[in-house]
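*Asks:* As input, take my_file_9.pdb (PDB, C-alpha atoms and all ligand atoms):
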ATOM      1  CA  MET X   1     119.665 138.885 108.165
ATOM      2  CA  LYS X   2     120.495 135.464 106.735
ATOM      3  CA  LYS X   3     117.454 133.273 106.037
ATOM      4  CA  SER X   4     116.967 129.751 107.403
ATOM      5  CA  ILE X   5     115.456 126.539 106.071
ATOM      6  CA  LEU X   6     113.874 124.263 108.650
ATOM      7  CA  ILE X   7     113.638 120.607 107.590
ATOM      8  CA  THR X   8     111.882 118.090 109.849
ATOM      9  CA  GLY X   9     113.085 114.488 109.735
ATOM     10  CA  ALA X  10     116.531 115.419 108.423
ATOM     11  CA  SER X  11     118.325 112.588 110.248
ATOM     12  CA  GLY X  12     117.850 110.243 107.271
ATOM     13  CA  GLY X  13     116.049 109.561 103.991
ATOM     14  CA  PHE X  14     114.506 112.443 102.033
ATOM     15  CA  GLY X  15     115.170 115.027 104.769
ATOM     16  CA  GLU X  16     118.884 114.257 104.842
ATOM     17  CA  ALA X  17     119.138 114.465 101.036
ATOM     18  CA  ILE X  18     117.175 117.746 100.953
ATOM     19  CA  ALA X  19     119.457 119.229 103.634
ATOM     20  CA  LYS X  20     122.554 118.139 101.713
ATOM     21  CA  ASN X  21     121.249 119.716  98.493
ATOM     22  CA  MET X  22     120.441 122.993 100.238
ATOM     23  CA  GLY X  23     123.817 123.260 102.049
ATOM     24  CA  LYS X  24     125.354 124.971  99.023
ATOM     25  CA  TYR X  25     122.927 127.915  99.120
ATOM     26  CA  ASP X  26     123.107 131.018 101.263
ATOM     27  CA  TYR X  27     120.764 129.720 103.975
ATOM     28  CA  ASN X  28     121.227 128.590 107.559
ATOM     29  CA  LEU X  29     119.937 125.066 108.090
ATOM     30  CA  ILE X  30     117.753 123.992 111.012
ATOM     31  CA  LEU X  31     117.616 120.203 110.933
ATOM     32  CA  THR X  32     115.364 118.131 113.153
ATOM     33  CA  GLY X  33     114.906 114.477 114.075
ATOM     34  CA  ARG X  34     114.753 112.198 117.094
ATOM     35  CA  ASN X  35     117.916 110.178 116.506
ATOM     36  CA  GLU X  36     120.644 112.496 117.794
ATOM     37  CA  ALA X  37     123.576 110.431 116.480
ATOM     38  CA  ASN X  38     122.145 110.248 112.944
ATOM     39  CA  LEU X  39     121.328 113.954 112.983
ATOM     40  CA  LYS X  40     124.863 114.832 114.124
ATOM     41  CA  LYS X  41     126.330 112.670 111.348
ATOM     42  CA  VAL X  42     124.240 114.529 108.731
ATOM     43  CA  CYS X  43     125.298 117.912 110.193
ATOM     44  CA  ASP X  44     128.980 116.886 110.202
ATOM     45  CA  GLU X  45     128.800 115.707 106.581
ATOM     46  CA  ILE X  46     127.166 118.945 105.385
ATOM     47  CA  LYS X  47     129.658 121.046 107.358
ATOM     48  CA  LYS X  48     132.542 119.141 105.748
ATOM     49  CA  GLU X  49     131.150 119.714 102.245
ATOM     50  CA  HIS X  50     129.975 123.306 102.888
ATOM     51  CA  PRO X  51     132.081 124.833 105.700
ATOM     52  CA  GLN X  52     130.274 128.196 105.287
ATOM     53  CA  CYS X  53     126.888 126.662 106.174
ATOM     54  CA  GLN X  54     125.561 127.333 109.692
ATOM     55  CA  ILE X  55     123.590 124.351 110.975
ATOM     56  CA  LEU X  56     121.362 124.042 114.023
ATOM     57  CA  PRO X  57     120.346 120.488 114.976
ATOM     58  CA  LEU X  58     117.155 120.148 117.036
ATOM     59  CA  VAL X  59     116.326 116.794 118.607
ATOM     60  CA  PHE X  60     112.636 116.328 119.394
ATOM     61  CA  ASP X  61     109.558 114.283 118.531
ATOM     62  CA  VAL X  62     107.077 116.095 116.250
ATOM     63  CA  GLN X  63     104.256 114.103 117.884
ATOM     64  CA  ASP X  64     104.743 116.052 121.122
ATOM     65  CA  PRO X  65     103.266 119.592 120.927
ATOM     66  CA  ASP X  66     105.185 120.802 124.008
ATOM     67  CA  ALA X  67     108.475 119.476 122.627
ATOM     68  CA  CYS X  68     107.751 121.187 119.278
ATOM     69  CA  LYS X  69     107.064 124.499 121.044
ATOM     70  CA  LYS X  70     110.160 124.237 123.230
ATOM     71  CA  ALA X  71     112.351 123.376 120.233
ATOM     72  CA  ILE X  72     111.070 126.173 117.989
ATOM     73  CA  GLU X  73     111.259 128.707 120.847
ATOM     74  CA  SER X  74     114.871 127.648 121.515
ATOM     75  CA  ILE X  75     116.010 128.753 118.043
ATOM     76  CA  PRO X  76     118.650 131.489 118.515
ATOM     77  CA  ALA X  77     118.254 134.900 116.874
ATOM     78  CA  GLU X  78     120.729 134.226 114.052
ATOM     79  CA  PHE X  79     118.611 131.245 112.865
ATOM     80  CA  SER X  80     115.213 132.793 113.543
ATOM     81  CA  TYR X  81     114.406 134.136 110.047
ATOM     82  CA  ILE X  82     112.804 130.910 108.796
ATOM     83  CA  ASP X  83     111.956 131.466 105.143
ATOM     84  CA  ILE X  84     111.451 127.839 104.119
ATOM     85  CA  LEU X  85     109.794 125.051 106.081
ATOM     86  CA  VAL X  86     109.970 121.471 104.808
ATOM     87  CA  ASN X  87     107.431 119.279 106.624
ATOM     88  CA  ASN X  88     109.047 115.943 105.858
ATOM     89  CA  ALA X  89     109.078 113.876 109.087
ATOM     90  CA  GLY X  90     106.635 111.027 108.667
ATOM     91  CA  LEU X  91     106.178 107.309 108.641
ATOM     92  CA  ALA X  92     104.017 104.315 107.900
ATOM     93  CA  VAL X  93     103.591 101.533 110.421
ATOM     94  CA  GLU X  94     102.658  98.054 109.177
ATOM     95  CA  LEU X  95     100.326  97.048 106.341
ATOM     96  CA  ASN X  96      97.540  95.508 108.400
ATOM     97  CA  PRO X  97      93.932  95.432 107.246
ATOM     98  CA  ILE X  98      91.661  97.576 109.441
ATOM     99  CA  HIS X  99      90.306  94.620 111.411
ATOM    100  CA  LYS X 100      93.849  93.653 112.444
ATOM    101  CA  GLY X 101      95.247  97.151 112.933
ATOM    102  CA  ALA X 102      96.982  98.125 116.178
ATOM    103  CA  LEU X 103      95.670 101.312 117.777
ATOM    104  CA  GLU X 104      99.180 102.435 118.723
ATOM    105  CA  ASP X 105     100.334 102.139 115.086
ATOM    106  CA  TRP X 106      97.378 104.270 113.975
ATOM    107  CA  GLU X 107      98.156 106.859 116.666
ATOM    108  CA  ARG X 108     101.807 107.093 115.561
ATOM    109  CA  MET X 109     100.862 107.690 111.914
ATOM    110  CA  ILE X 110      98.141 110.220 112.677
ATOM    111  CA  ASN X 111     100.198 112.014 115.324
ATOM    112  CA  THR X 112     103.300 112.239 113.142
ATOM    113  CA  ASN X 113     101.936 112.718 109.618
ATOM    114  CA  ILE X 114      99.036 115.048 110.432
ATOM    115  CA  LYS X 115      99.388 116.550 113.907
ATOM    116  CA  GLY X 116     103.188 116.921 113.697
ATOM    117  CA  VAL X 117     102.836 118.938 110.498
ATOM    118  CA  LEU X 118     100.160 121.101 112.118
ATOM    119  CA  TYR X 119     102.191 121.739 115.284
ATOM    120  CA  ILE X 120     105.311 122.798 113.385
ATOM    121  CA  THR X 121     103.429 124.851 110.798
ATOM    122  CA  ARG X 122     101.459 126.651 113.517
ATOM    123  CA  LEU X 123     104.710 127.601 115.268
ATOM    124  CA  VAL X 124     106.693 128.643 112.186
ATOM    125  CA  SER X 125     104.123 130.230 109.863
ATOM    126  CA  PRO X 126     103.202 133.410 111.859
ATOM    127  CA  GLN X 127     106.588 134.982 111.102
ATOM    128  CA  MET X 128     106.103 134.205 107.389
ATOM    129  CA  VAL X 129     102.662 135.812 107.519
ATOM    130  CA  GLU X 130     104.128 138.866 109.218
ATOM    131  CA  ARG X 131     106.861 139.204 106.581
ATOM    132  CA  LYS X 132     104.509 138.306 103.703
ATOM    133  CA  GLU X 133     107.162 135.928 102.440
ATOM    134  CA  GLY X 134     107.988 132.252 102.789
ATOM    135  CA  HIS X 135     107.682 128.770 101.338
ATOM    136  CA  ILE X 136     106.204 125.681 102.963
ATOM    137  CA  ILE X 137     106.897 122.314 101.370
ATOM    138  CA  ASN X 138     104.915 119.310 102.568
ATOM    139  CA  ILE X 139     106.144 115.836 101.718
ATOM    140  CA  GLY X 140     102.987 113.981 100.760
ATOM    141  CA  SER X 141     102.840 110.723  98.863
ATOM    142  CA  ILE X 142     101.142 108.858  96.063
ATOM    143  CA  ALA X 143      99.171 107.711  99.149
ATOM    144  CA  SER X 144      97.732 111.253  99.240
ATOM    145  CA  HIS X 145      95.727 110.186  96.187
ATOM    146  CA  GLU X 146      95.586 106.386  96.041
ATOM    147  CA  ILE X 147      94.621 103.650  98.494
ATOM    148  CA  TYR X 148      96.197 100.190  98.518
ATOM    149  CA  PRO X 149      95.327  97.149 100.642
ATOM    150  CA  GLY X 150      96.667  97.604 104.165
ATOM    151  CA  GLY X 151      97.506 101.254 103.457
ATOM    152  CA  ASN X 152      94.304 102.438 105.183
ATOM    153  CA  VAL X 153      95.502 104.767 107.971
ATOM    154  CA  TYR X 154      98.776 105.781 106.289
ATOM    155  CA  CYS X 155      96.844 106.672 103.111
ATOM    156  CA  ALA X 156      94.232 108.514 105.200
ATOM    157  CA  SER X 157      96.983 110.515 106.914
ATOM    158  CA  LYS X 158      98.528 111.496 103.577
ATOM    159  CA  HIS X 159      95.075 112.310 102.109
ATOM    160  CA  ALA X 160      94.610 114.570 105.154
ATOM    161  CA  LEU X 161      97.997 116.135 104.518
ATOM    162  CA  PHE X 162      96.959 116.972 100.952
ATOM    163  CA  ALA X 163      93.843 118.674 102.332
ATOM    164  CA  LEU X 164      96.074 120.596 104.726
ATOM    165  CA  THR X 165      98.424 121.579 101.893
ATOM    166  CA  LYS X 166      95.462 123.054 100.020
ATOM    167  CA  GLY X 167      94.189 124.617 103.257
ATOM    168  CA  MET X 168      97.565 126.290 103.781
ATOM    169  CA  ARG X 169      97.617 127.482 100.180
ATOM    170  CA  ALA X 170      94.167 129.028 100.651
ATOM    171  CA  ASP X 171      94.914 130.595 104.049
ATOM    172  CA  PHE X 172      98.345 131.926 103.096
ATOM    173  CA  LEU X 173      97.296 133.279  99.689
ATOM    174  CA  PRO X 174      96.913 136.867 100.999
ATOM    175  CA  TYR X 175     100.394 136.659 102.539
ATOM    176  CA  ASN X 176     102.442 135.768  99.472
ATOM    177  CA  ILE X 177     103.529 132.435 100.988
ATOM    178  CA  ARG X 178     104.220 129.606  98.583
ATOM    179  CA  VAL X 179     102.917 126.143  99.509
ATOM    180  CA  THR X 180     104.089 123.080  97.613
ATOM    181  CA  GLN X 181     103.393 119.400  98.097
ATOM    182  CA  VAL X 182     105.826 116.836  96.736
ATOM    183  CA  SER X 183     104.092 113.458  96.463
ATOM    184  CA  PRO X 184     106.442 110.548  95.768
ATOM    185  CA  GLY X 185     105.697 106.940  94.963
ATOM    186  CA  ALA X 186     107.937 104.102  96.105
ATOM    187  CA  ALA X 187     111.359 105.353  97.193
ATOM    188  CA  GLU X 188     114.024 103.212  98.810
ATOM    189  CA  THR X 189     114.924 104.851 102.131
ATOM    190  CA  ASN X 190     114.490 103.622 105.686
ATOM    191  CA  PHE X 191     110.717 103.992 105.175
ATOM    192  CA  SER X 192     109.893 100.286 104.722
ATOM    193  CA  VAL X 193     112.347  99.207 107.452
ATOM    194  CA  VAL X 194     110.400 101.481 109.821
ATOM    195  CA  ARG X 195     107.071 100.252 108.417
ATOM    196  CA  PHE X 196     108.043  96.640 109.144
ATOM    197  CA  HIS X 197     109.544  97.294 112.589
ATOM    198  CA  GLY X 198     113.168  96.826 111.497
ATOM    199  CA  ASP X 199     112.616  93.705 109.343
ATOM    200  CA  LYS X 200     115.161  94.562 106.610
ATOM    201  CA  ALA X 201     114.477  91.414 104.533
ATOM    202  CA  LYS X 202     110.756  92.261 104.357
ATOM    203  CA  ALA X 203     111.581  95.888 103.545
ATOM    204  CA  ASP X 204     113.978  94.901 100.738
ATOM    205  CA  LYS X 205     111.196  92.939  99.031
ATOM    206  CA  VAL X 206     109.201  96.159  98.526
ATOM    207  CA  TYR X 207     111.874  97.348  96.077
ATOM    208  CA  GLU X 208     112.515  94.094  94.201
ATOM    209  CA  GLY X 209     111.912  93.704  90.443
ATOM    210  CA  TYR X 210     111.965  97.399  89.482
ATOM    211  CA  THR X 211     114.017 100.541  89.994
ATOM    212  CA  PRO X 212     112.541 102.573  92.867
ATOM    213  CA  LEU X 213     113.064 106.273  93.461
ATOM    214  CA  VAL X 214     115.908 107.266  95.790
ATOM    215  CA  ALA X 215     116.107 110.142  98.272
ATOM    216  CA  GLN X 216     118.234 112.201  95.879
ATOM    217  CA  ASP X 217     115.384 112.218  93.319
ATOM    218  CA  ILE X 218     113.080 113.846  95.856
ATOM    219  CA  ALA X 219     115.747 116.273  97.090
ATOM    220  CA  ASP X 220     116.345 117.482  93.525
ATOM    221  CA  ILE X 221     112.606 118.132  93.064
ATOM    222  CA  VAL X 222     112.376 120.025  96.370
ATOM    223  CA  GLU X 223     115.427 122.085  95.374
ATOM    224  CA  PHE X 224     113.775 122.838  92.012
ATOM    225  CA  ALA X 225     110.581 124.021  93.744
ATOM    226  CA  ILE X 226     112.524 126.214  96.180
ATOM    227  CA  THR X 227     114.682 127.817  93.492
ATOM    228  CA  ARG X 228     111.830 128.895  91.181
ATOM    229  CA  PRO X 229     111.350 132.678  91.011
ATOM    230  CA  ALA X 230     109.271 134.096  93.888
ATOM    231  CA  HIS X 231     106.170 134.517  91.666
ATOM    232  CA  VAL X 232     106.134 130.780  90.763
ATOM    233  CA  CYS X 233     104.429 128.372  93.163
ATOM    234  CA  LEU X 234     104.530 124.708  92.246
ATOM    235  CA  ASN X 235     101.337 123.490  93.895
ATOM    236  CA  GLU X 236     102.002 119.766  93.719
ATOM    237  CA  ILE X 237     104.528 117.488  92.109
ATOM    238  CA  VAL X 238     103.590 113.808  91.918
ATOM    239  CA  VAL X 239     106.566 111.589  91.121
ATOM    240  CA  THR X 240     106.731 107.828  90.846
ATOM    241  CA  PRO X 241     109.256 105.302  89.593
ATOM    242  CA  THR X 242     108.766 104.760  85.853
ATOM    243  CA  ALA X 243     107.617 101.266  86.806
ATOM    244  CA  GLN X 244     104.780 102.631  88.989
ATOM    245  CA  PHE X 245     101.380 104.002  87.950
ATOM    246  CA  ASN X 246      99.275 105.206  90.878
ATOM    247  CA  GLY X 247      99.494 102.339  93.358
ATOM    248  CA  VAL X 248     100.457  99.686  90.804
ATOM    249  CA  ILE X 249     104.077  98.580  90.362
ATOM    250  CA  ASN X 250     105.167  96.705  87.248
ATOM    251  CA  ARG X 251     107.755  94.184  88.522
ATOM    252  CA  LYS X 252     109.969  92.135  86.228
TER
HETATM  253  P1  LIG X 301     112.913 107.613 106.521
HETATM  254  O1  LIG X 301     112.380 106.633 107.514
HETATM  255  O2  LIG X 301     114.165 107.283 105.807
HETATM  256  O3  LIG X 301     113.068 109.047 107.209
HETATM  257  C1  LIG X 301     112.047 109.569 108.014
HETATM  258  C2  LIG X 301     112.545 110.772 108.771
HETATM  259  O4  LIG X 301     111.464 111.264 109.562
HETATM  260  C3  LIG X 301     113.690 110.436 109.699
HETATM  261  O5  LIG X 301     114.623 111.495 109.679
HETATM  262  C4  LIG X 301     113.020 110.356 111.054
HETATM  263  O6  LIG X 301     113.904 110.794 112.053
HETATM  264  C5  LIG X 301     111.890 111.387 110.910
HETATM  265  N1  LIG X 301     110.796 111.143 111.836
HETATM  266  C6  LIG X 301     109.919 110.121 111.831
HETATM  267  N2  LIG X 301     109.079 110.225 112.863
HETATM  268  C7  LIG X 301     109.439 111.352 113.540
HETATM  269  C8  LIG X 301     108.957 111.995 114.701
HETATM  270  N3  LIG X 301     107.907 111.513 115.379
HETATM  271  N4  LIG X 301     109.559 113.128 115.123
HETATM  272  C9  LIG X 301     110.620 113.625 114.443
HETATM  273  N5  LIG X 301     111.124 113.060 113.333
HETATM  274  C10 LIG X 301     110.545 111.931 112.892
HETATM  275  O7  LIG X 301     111.720 107.820 105.476
HETATM  276  P2  LIG X 301     111.586 108.768 104.190
HETATM  277  O8  LIG X 301     112.721 109.682 104.079
HETATM  278  O9  LIG X 301     111.252 107.894 103.046
HETATM  279  O10 LIG X 301     110.257 109.555 104.584
HETATM  280  C11 LIG X 301     110.185 110.972 104.632
HETATM  281  C12 LIG X 301     108.770 111.392 104.303
HETATM  282  O11 LIG X 301     108.460 110.967 102.986
HETATM  283  C13 LIG X 301     107.682 110.794 105.196
HETATM  284  O12 LIG X 301     106.724 111.792 105.442
HETATM  285  C14 LIG X 301     107.079 109.678 104.333
HETATM  286  O13 LIG X 301     105.754 109.425 104.673
HETATM  287  C15 LIG X 301     107.202 110.296 102.958
HETATM  288  N6  LIG X 301     107.190 109.399 101.814
HETATM  289  C16 LIG X 301     108.074 108.356 101.712
HETATM  290  C17 LIG X 301     108.053 107.554 100.578
HETATM  291  C18 LIG X 301     108.946 106.376 100.413
HETATM  292  O14 LIG X 301     108.595 105.475  99.628
HETATM  293  N7  LIG X 301     110.096 106.324 101.057
HETATM  294  C19 LIG X 301     107.137 107.839  99.466
HETATM  295  C20 LIG X 301     106.245 108.944  99.714
HETATM  296  C21 LIG X 301     106.301 109.692 100.823
HETATM  297  P3  LIG X 301     114.201 110.034 113.442
HETATM  298  O15 LIG X 301     114.181 108.579 113.170
HETATM  299  O16 LIG X 301     115.534 110.607 113.835
HETATM  300  O17 LIG X 301     113.105 110.498 114.313
HETATM  301  C1  LIG X 302     105.100 105.944 100.661
HETATM  302  C2  LIG X 302     104.834 105.249  99.370
HETATM  303  O1  LIG X 302     103.339 103.570  98.189
HETATM  304  O2  LIG X 302     104.055 103.024 100.475
HETATM  305  O3  LIG X 302     104.280 107.043 100.850
HETATM  306  O4  LIG X 302     102.398 104.704 100.107
HETATM  307  S1  LIG X 302     103.605 104.087  99.555
END
Please express the file's structure as structure tokens.

*Replies:*
Amino acid sequence: MKKSILITGASGGFGEAIAKNMGKYDYNLILTGRNEANLKKVCDEIKKEHPQCQILPLVFDVQDPDACKKAIESIPAEFSYIDILVNNAGLAVELNPIHKGALEDWERMINTNIKGVLYITRLVSPQMVERKEGHIINIGSIASHEIYPGGNVYCASKHALFALTKGMRADFLPYNIRVTQVSPGAAETNFSVVRFHGDKAKADKVYEGYTPLVAQDIADIVEFAITRPAHVCLNEIVVTPTAQFNGVINRK
């Protein structure tokens, strides 16, 4: 049976680039996101480039456990052999200090970046355990290791994700399942536009004065991790722009 790769948050940014890289391999793709039009556009583009690739788009919010369950249970038999799971959907909201933080922003980050990963992993991993085979890739961040002013809850969510990555590695060790975290620094995607509630001018400033990473850089690293021989598990790859060290960016 043909194997599938499930990528959350494939309607843009890193997830889209990862899906496009993986379209050339002999996998079915299960691509998820909330924005149906964006997701369809990504599917159409991959299909055009790789007509042999079978793609299943799933539109749902990873914050909603019932929606996650319904979506995963709706996967038809021909896509059901999920060998690779990329937990990529995530976001930051605002850069407020704690005393000015909005509870709803905190909820969105915690519910998406931590609980969403747990919901999807809980639903997908039992079949990997049963087969004693599989690969889970979590998209962490430099914020899994560093804290910057205003990063508080986002950084906490990505620190938690790193703990979960190691927890998965420990729990899945007896089952031959690879677990990898890719932890990027500043990358120019829609990330900062989302962080600043659609303020493109404010988002653009984040990437001024240096060359940031782009989604393709991350997709190439994920592809590298996936295509290592089965006995090789890259535990974590931390990648920043050359102009970034930990949280510090050297702007011209
Ligand atoms: P984008 O905003 O470009 O893409 C985010 C993707 O996640 C979109 O496809 C979006 O889909 C999806 N998504 C967000 N929330 C949800 C949700 N509740 N349910 C389902 N899908 C959701 O950002 P990036 O590609 O940059 O971000 C991808 C991951 O990389 C995130 O986890 C982010 O934290 C992490 N990261 C980003 C860095 C950066 O500098 N860009 C650096 C380090 C890590 P839709 O809108 O359709 O729901
Ligand atoms: C996204 C990169 O530096 O905004 O995870 O935390 S950063």

*Asks:* Report as CSV the residues of chain X within 7 Å of ligand LIG 302 (chain X), each with its shortest atom pair and distance in Å (one decimal), using all atoms listed in the file, ordered by chain and increasing residue number.

*Replies:*
residue,atom,partner,partner_atom,distance
X:Ser141,CA,X:LIG302,O3,4.4
X:Ile142,CA,X:LIG302,O4,5.9
X:Ala143,CA,X:LIG302,O4,4.5
X:Gly151,CA,X:LIG302,O4,6.9
X:Cys155,CA,X:LIG302,O4,6.6
X:Pro184,CA,X:LIG302,O3,6.5
X:Gly185,CA,X:LIG302,C2,4.8
X:Ala186,CA,X:LIG302,C2,4.6
X:Ala187,CA,X:LIG302,C2,6.9
X:Gly247,CA,X:LIG302,O1,6.3

*Asks:* Can you list, as JSON, numbers by chain, every protein, DNA or RNA residue that comes within 12 Å of Lys47 (chain X) when you count all atoms listed in the file, leaving out same-chain residues fewer than 3 positions away?

*Replies:* {"X": [19, 20, 22, 23, 24, 28, 29, 40, 41, 42, 43, 44, 50, 51, 52, 53, 54, 55, 56]}

*Asks:* Could you list, with a cut-off of 8 Å and counting only C-alpha atoms and all ligand atoms, the residues of chain X near ligand LIG 301 (chain X), each shown with its nearest atom pair and the distance in Å rounded to one decimal, rows sorted by chain and ascending number, as CSV?

*Replies:*
residue,atom,partner,partner_atom,distance
X:Thr8,CA,X:LIG301,N5,6.2
X:Gly9,CA,X:LIG301,O5,3.4
X:Ala10,CA,X:LIG301,O5,4.5
X:Ser11,CA,X:LIG301,O5,3.9
X:Gly12,CA,X:LIG301,O5,4.2
X:Gly13,CA,X:LIG301,O8,3.3
X:Phe14,CA,X:LIG301,O8,3.9
X:Gly15,CA,X:LIG301,O8,5.9
X:Glu16,CA,X:LIG301,O5,7.0
X:Thr32,CA,X:LIG301,N5,6.6
X:Gly33,CA,X:LIG301,O16,3.9
X:Arg34,CA,X:LIG301,O17,3.7
X:Asn35,CA,X:LIG301,O16,3.6
X:Glu36,CA,X:LIG301,O16,6.7
X:Asn38,CA,X:LIG301,O16,6.7
X:Leu39,CA,X:LIG301,O16,6.7
X:Val59,CA,X:LIG301,C9,7.7
X:Phe60,CA,X:LIG301,C9,6.0
X:Asp61,CA,X:LIG301,N4,3.6
X:Val62,CA,X:LIG301,N4,4.0
X:Gln63,CA,X:LIG301,N3,5.1
X:Asp64,CA,X:LIG301,N3,8.0
X:Asn87,CA,X:LIG301,O12,7.6
X:Asn88,CA,X:LIG301,O12,4.8
X:Ala89,CA,X:LIG301,O4,3.6
X:Gly90,CA,X:LIG301,O12,3.3
X:Leu91,CA,X:LIG301,O13,4.5
X:Ala92,CA,X:LIG301,O13,6.3
X:Arg108,CA,X:LIG301,N3,7.5
X:Asn111,CA,X:LIG301,N3,7.7
X:Thr112,CA,X:LIG301,N3,5.2
X:Asn113,CA,X:LIG301,O12,6.4
X:Gly116,CA,X:LIG301,N3,7.4
X:Ile139,CA,X:LIG301,O12,5.5
X:Gly140,CA,X:LIG301,C21,5.4
X:Ser141,CA,X:LIG301,C20,3.9
X:Ile142,CA,X:LIG301,C20,6.3
X:Ala143,CA,X:LIG301,C20,7.2
X:Lys158,CA,X:LIG301,O13,7.6
X:Ser183,CA,X:LIG301,C20,6.0
X:Pro184,CA,X:LIG301,C20,4.3
X:Gly185,CA,X:LIG301,C19,4.8
X:Ala186,CA,X:LIG301,O14,3.8
X:Ala187,CA,X:LIG301,O14,3.7
X:Glu188,CA,X:LIG301,N7,5.5
X:Thr189,CA,X:LIG301,O2,4.5
X:Asn190,CA,X:LIG301,O2,3.7
X:Phe191,CA,X:LIG301,O1,3.9
X:Ser192,CA,X:LIG301,N7,7.1
X:Val193,CA,X:LIG301,O1,7.4
X:Val194,CA,X:LIG301,O1,6.0
X:Leu213,CA,X:LIG301,O14,7.7
X:Val214,CA,X:LIG301,N7,7.9
X:Ala215,CA,X:LIG301,O8,6.7

*Asks:* Closest to Val206 (chain X) among X:Thr121, X:Thr227, X:Asn246, X:Leu95, using all atoms listed in the file?

*Replies:*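 Using all atoms listed in the file, the shortest distance to Val206 (chain X) belongs to X:Leu95.
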
*Asks:* Using all atoms listed in the file, find the one residue out of X:Leu118, X:Cys233, X:Ile82, X:Cys68 that sits nearest to Lys2 (chain X).

*Replies:*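 Smallest separation from Lys2 (chain X) among the options: X:Ile82.
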
*Asks:* Rank nothing, just name the residue among X:Pro76, X:Arg251, X:Tyr81, X:Lys132 nearest to Tyr210 (chain X), using all atoms listed in the file.

*Replies:*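 Of all the options, X:Arg251 lies closest to Tyr210 (chain X).
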
*Asks:* My list of candidates is X:Val238, X:Ser125, X:Leu31, X:Ala37. Which is closest to His145 (chain X) when distances are computed with only C-alpha atoms?

*Replies:* X:Val238

*Asks:* Hey, can you check how far CA of Gln181 (chain X) sits from CA of Asp26 (chain X)?

*Replies:*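 Atom-to-atom, CA of Gln181 (chain X) and CA of Asp26 (chain X) are spaced 23.1 Å apart.
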
*Asks:* Which neighbours of Gln216 (chain X) fall inside 8 Å, counting all atoms listed in the file, when residues of the same chain fewer than 2 positions from it are skipped, and could you give them as an NGL selection string?

*Replies:* :X and (14 or 17-18 or 214 or 218-220)

*Asks:* Record the distance separating CA of Glu94 (chain X) and CA of Pro212 (chain X), expressed in Å with one decimal.

*Replies:* 19.6 Å

*Asks:* Give as a list of chain:residue names every residue, naming chains and numbers as the document does, that has an atom within 10 Å of (104.8, 137.8, 104.7), counting all atoms listed in the file.

*Replies:*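 Output: X:Asp83, X:Ser125, X:Pro126, X:Gln127, X:Met128, X:Val129, X:Glu130, X:Arg131, X:Lys132, X:Glu133, X:Gly134, X:Phe172, X:Pro174, X:Tyr175, X:Asn176, X:Ile177.
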
*Asks:* Near Ile84 (chain X), within 8 Å and counting all atoms listed in the file, which residues show up once chain neighbours fewer than 5 positions away are dropped, as a PDB file with C-alpha atoms, keeping the file's coordinate frame?

*Replies:*
ATOM      1  CA  SER X   4     116.967 129.751 107.403  1.00  0.00           C
ATOM      2  CA  ILE X   5     115.456 126.539 106.071  1.00  0.00           C
ATOM      3  CA  LEU X   6     113.874 124.263 108.650  1.00  0.00           C
ATOM      4  CA  GLY X 134     107.988 132.252 102.789  1.00  0.00           C
ATOM      5  CA  HIS X 135     107.682 128.770 101.338  1.00  0.00           C
ATOM      6  CA  ILE X 136     106.204 125.681 102.963  1.00  0.00           C
ATOM      7  CA  ILE X 137     106.897 122.314 101.370  1.00  0.00           C
TER       8      ILE X 137
END

*Asks:* Step by step, gather every atom of region 102-117 of chain X that the file lists, find the box along x, y and z that holds them, add 3 Å on each side, and finally give centre and edge lengths in Å to one decimal, as JSON.

*Replies:*
{"center_x": 99.5, "center_y": 108.5, "center_z": 114.2, "size_x": 13.6, "size_y": 26.8, "size_z": 15.1}
